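Okay, structure first, notes after.
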Amino acid sequence: MSEFAFIRPMTRNDIPAVATLEQRIYDSPWSVRVFYDELAMENRRYLVAERDGVGIVGYAGLLVVESDAHITTLAVEPRARRHSLGTRLMMDLVAAAIESGADHITLEVRMSNQGAQRLYQKFGFAPVGLRKDYYRDEDALVMWANDINGLDYQSRLMGVRSDLTAAGHV
Ligand SMILES: CC(C)(COP(=O)(O)OP(=O)(O)OC[C@H]1O[C@@H](n2cnc3c(N)ncnc32)[C@H](O)[C@@H]1OP(=O)(O)O)[C@@H](O)C(=O)NCCC(=O)NCCS
């Protein structure tokens with residue numbers, strides 16, 4: 001069975017599988033309805049990572065309002081983690097944000113979620129504040145990556161991409 005996952009836009013047909021994965025991963029999962037509603041909105045971009053013979057092993061989403069993009073979700077199936085899928089989904093989300101005309105990207109992440117924060121730091125996200133009680137049981141760290149069309153940011157992305165290439169992950 002191939003280890004390689006393809007990343008492509010999420011379709012309505014993917015939603016049952018995505019929602020099943022969401023339930024396995026999150027304590028307060030989005031419902032199927034939320035995914036349908038999100039996918040129906042024009043300023044959203046949703047992606048899935050799909051492995052031949054396995055199915056959907058990751059997904060991610062973005063909304064764009066004028067020059068600001070907001071990452072709404074990012075998840076990788078537990079057994080598929082630490083093989084750069086999160087990084088590849090982030091690469092494509094950032095590309096989608098740029099294509100949609102964004103200059104900055106923000107997200108919220110659990111204060112305790114050090115792994116995800118390290119991933120976001122690779123993409124130039126820096127902490128700017130807290131959202132108290134954003135989650136049922138925890139505060140959120142708010143992170144921003146600014147000036148994503150600038151040269152510095154583009155060379156950061158090239159660095160991430162060349163690490164992926166060196167590791168044989170693209
Ligand atoms: C966060 C998540 C999407 C990362 O997916 P992934 O495919 O494992 O990510 P990658 O393999 O691309 O990891 C890239 C880097 O992020 C950091 N990282 C990711 N997971 C980590 C962990 N558990 N602990 C420490 N660092 C971690 C590392 O620096 C890693 O690089 P390395 O493997 O070369 O050390 C995945 O762990 C997940 O789905 N978690 C549950 C849902 C979640 O927390 N989503 C984020 C919500 S804000």
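Going through the structure tokens in order, the chains are called A, B, and so on, while each chain numbers its residues from 1 and the ligands are numbered from 1 in the order shown.
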
Could the residues of chain A that have an atom at most 6 Å from ligand 1 be listed as a tab-separated table, each with its closest atom pair and the distance in Å to one decimal, counting only C-alpha atoms and all ligand atoms and ordered by chain and ascending residue number?
residue	atom	partner	partner_atom_place_in_ligand_line	distance
A:Leu74	CA	ligand 1	45 (N)	4.9
A:Ala75	CA	ligand 1	39 (O)	3.4
A:Val76	CA	ligand 1	39 (O)	3.7
A:Arg81	CA	ligand 1	8 (O)	3.4
A:Arg82	CA	ligand 1	11 (O)	3.1
A:His83	CA	ligand 1	11 (O)	4.3
A:Ser84	CA	ligand 1	12 (O)	3.1
A:Leu85	CA	ligand 1	7 (O)	3.9
A:Gly86	CA	ligand 1	7 (O)	3.6
A:Thr87	CA	ligand 1	12 (O)	3.7
A:Glu108	CA	ligand 1	48 (S)	5.9
A:Val109	CA	ligand 1	48 (S)	4.0
A:Gly115	CA	ligand 1	21 (C)	3.4
A:Ala116	CA	ligand 1	1 (C)	4.0
A:Arg118	CA	ligand 1	17 (C)	4.7
A:Leu119	CA	ligand 1	16 (O)	3.5

Store the residues picked out above in a file with C-alpha atoms, as a PDB file, in the first residue's frame.
ATOM      1  CA  LEU A  74      -6.080  21.232  10.370  1.00  0.00           C
ATOM      2  CA  ALA A  75      -5.934  17.568  11.295  1.00  0.00           C
ATOM      3  CA  VAL A  76      -4.034  14.416  10.396  1.00  0.00           C
ATOM      4  CA  ARG A  81       1.356  11.859  11.824  1.00  0.00           C
ATOM      5  CA  ARG A  82       4.994  12.959  11.736  1.00  0.00           C
ATOM      6  CA  HIS A  83       5.293  12.178   8.026  1.00  0.00           C
ATOM      7  CA  SER A  84       4.969  15.824   6.964  1.00  0.00           C
ATOM      8  CA  LEU A  85       1.317  15.658   5.994  1.00  0.00           C
ATOM      9  CA  GLY A  86       0.464  18.554   8.318  1.00  0.00           C
ATOM     10  CA  THR A  87       3.299  20.515   6.700  1.00  0.00           C
ATOM     11  CA  GLU A 108      -6.137  29.780  17.158  1.00  0.00           C
ATOM     12  CA  VAL A 109      -4.449  26.828  18.807  1.00  0.00           C
ATOM     13  CA  GLY A 115       3.256  20.087  18.503  1.00  0.00           C
ATOM     14  CA  ALA A 116       0.879  22.144  16.360  1.00  0.00           C
ATOM     15  CA  ARG A 118       5.898  24.108  16.402  1.00  0.00           C
ATOM     16  CA  LEU A 119       4.414  23.305  13.010  1.00  0.00           C
TER      17      LEU A 119
END

Can you tell me, as a ChimeraX atom specification, what residues are no more than 10 Å from Asp92 of chain A when counting only C-alpha atoms, ignoring any on the same chain fewer than 3 positions away? /A:7-9,46-47,60,87-89,95-98

Sel. of helix (DSSP H, G or I) residues, segment 42-145 of chain A, as a PyMOL selection string: chain A and resi 78-80+85-99+114-122

Atoms kept (C-alpha atoms) for selection, written as an mmCIF file, in the first residue's frame:
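Result file is result08.cif:
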data_model
loop_
_atom_site.group_PDB
_atom_site.id
_atom_site.type_symbol
_atom_site.label_atom_id
_atom_site.label_comp_id
_atom_site.auth_asym_id
_atom_site.auth_seq_id
_atom_site.Cartn_x
_atom_site.Cartn_y
_atom_site.Cartn_z
ATOM 1 C CA PRO A 78 -3.120 9.756 14.314
ATOM 2 C CA ARG A 79 -1.228 6.884 12.591
ATOM 3 C CA ALA A 80 -0.272 9.147 9.664
ATOM 4 C CA LEU A 85 1.317 15.658 5.994
ATOM 5 C CA GLY A 86 0.464 18.554 8.318
ATOM 6 C CA THR A 87 3.299 20.515 6.700
ATOM 7 C CA ARG A 88 2.082 19.697 3.184
ATOM 8 C CA LEU A 89 -1.490 20.676 4.046
ATOM 9 C CA MET A 90 -0.171 23.957 5.488
ATOM 10 C CA MET A 91 1.904 24.603 2.330
ATOM 11 C CA ASP A 92 -1.207 24.254 0.196
ATOM 12 C CA LEU A 93 -3.348 26.323 2.580
ATOM 13 C CA VAL A 94 -0.817 29.151 2.485
ATOM 14 C CA ALA A 95 -0.749 28.919 -1.329
ATOM 15 C CA ALA A 96 -4.573 29.081 -1.347
ATOM 16 C CA ALA A 97 -4.489 32.116 0.954
ATOM 17 C CA ILE A 98 -2.069 33.917 -1.359
ATOM 18 C CA GLU A 99 -4.109 32.961 -4.423
ATOM 19 C CA GLN A 114 2.953 22.390 21.531
ATOM 20 C CA GLY A 115 3.256 20.087 18.503
ATOM 21 C CA ALA A 116 0.879 22.144 16.360
ATOM 22 C CA GLN A 117 2.503 25.379 17.585
ATOM 23 C CA ARG A 118 5.898 24.108 16.402
ATOM 24 C CA LEU A 119 4.414 23.305 13.010
ATOM 25 C CA TYR A 120 2.896 26.800 12.781
ATOM 26 C CA GLN A 121 6.189 28.418 13.833
ATOM 27 C CA LYS A 122 7.843 26.764 10.820
#

Non-local contacts of segment 38-40 of chain A (12 Å; only C-alpha atoms; under 5 positions in same chain excluded) as a PyMOL selection string: chain A and resi 9-15+30-33+45-47+60-63+72-73

With C-alpha atoms retained, could you export that selection as a short mmCIF file (atom, residue, chain, number, x, y, z; two decimals), in the first residue's frame?
data_model
loop_
_atom_site.label_atom_id
_atom_site.label_comp_id
_atom_site.auth_asym_id
_atom_site.auth_seq_id
_atom_site.Cartn_x
_atom_site.Cartn_y
_atom_site.Cartn_z
CA PRO A 9 -9.71 20.13 -2.73
CA MET A 10 -12.35 18.65 -0.40
CA THR A 11 -15.66 17.82 -2.08
CA ARG A 12 -19.09 17.18 -0.58
CA ASN A 13 -18.52 13.44 -1.14
CA ASP A 14 -15.54 13.56 1.22
CA ILE A 15 -17.53 14.97 4.13
CA TRP A 30 -17.63 19.75 13.97
CA SER A 31 -20.82 18.08 12.75
CA VAL A 32 -21.35 16.91 9.18
CA ARG A 33 -23.63 19.95 8.76
CA ARG A 45 -10.93 26.66 0.82
CA TYR A 46 -10.90 23.09 2.15
CA LEU A 47 -8.35 20.39 1.31
CA ALA A 60 -7.49 21.47 6.46
CA GLY A 61 -9.48 24.62 5.85
CA LEU A 62 -9.18 28.33 5.39
CA LEU A 63 -11.44 31.35 5.16
CA THR A 72 -10.27 27.11 10.46
CA THR A 73 -9.04 23.54 10.89
#

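Closest approach to Thr106 of chain A among A:Tyr135, A:Phe35, A:Phe6, A:Trp144: A:Trp144, based on only C-alpha atoms.
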
From atom CA of Phe4 of chain A to atom CA of Val54 of chain A the spacing works out at 10.5 Å

Compile the contact shell of Asp103 of chain A as an MDAnalysis selection string: residues with an atom at most 9 Å away, counting only C-alpha atoms, same-chain residues fewer than 4 positions apart removed. chainID A and resid 66:69 97:98 145:150
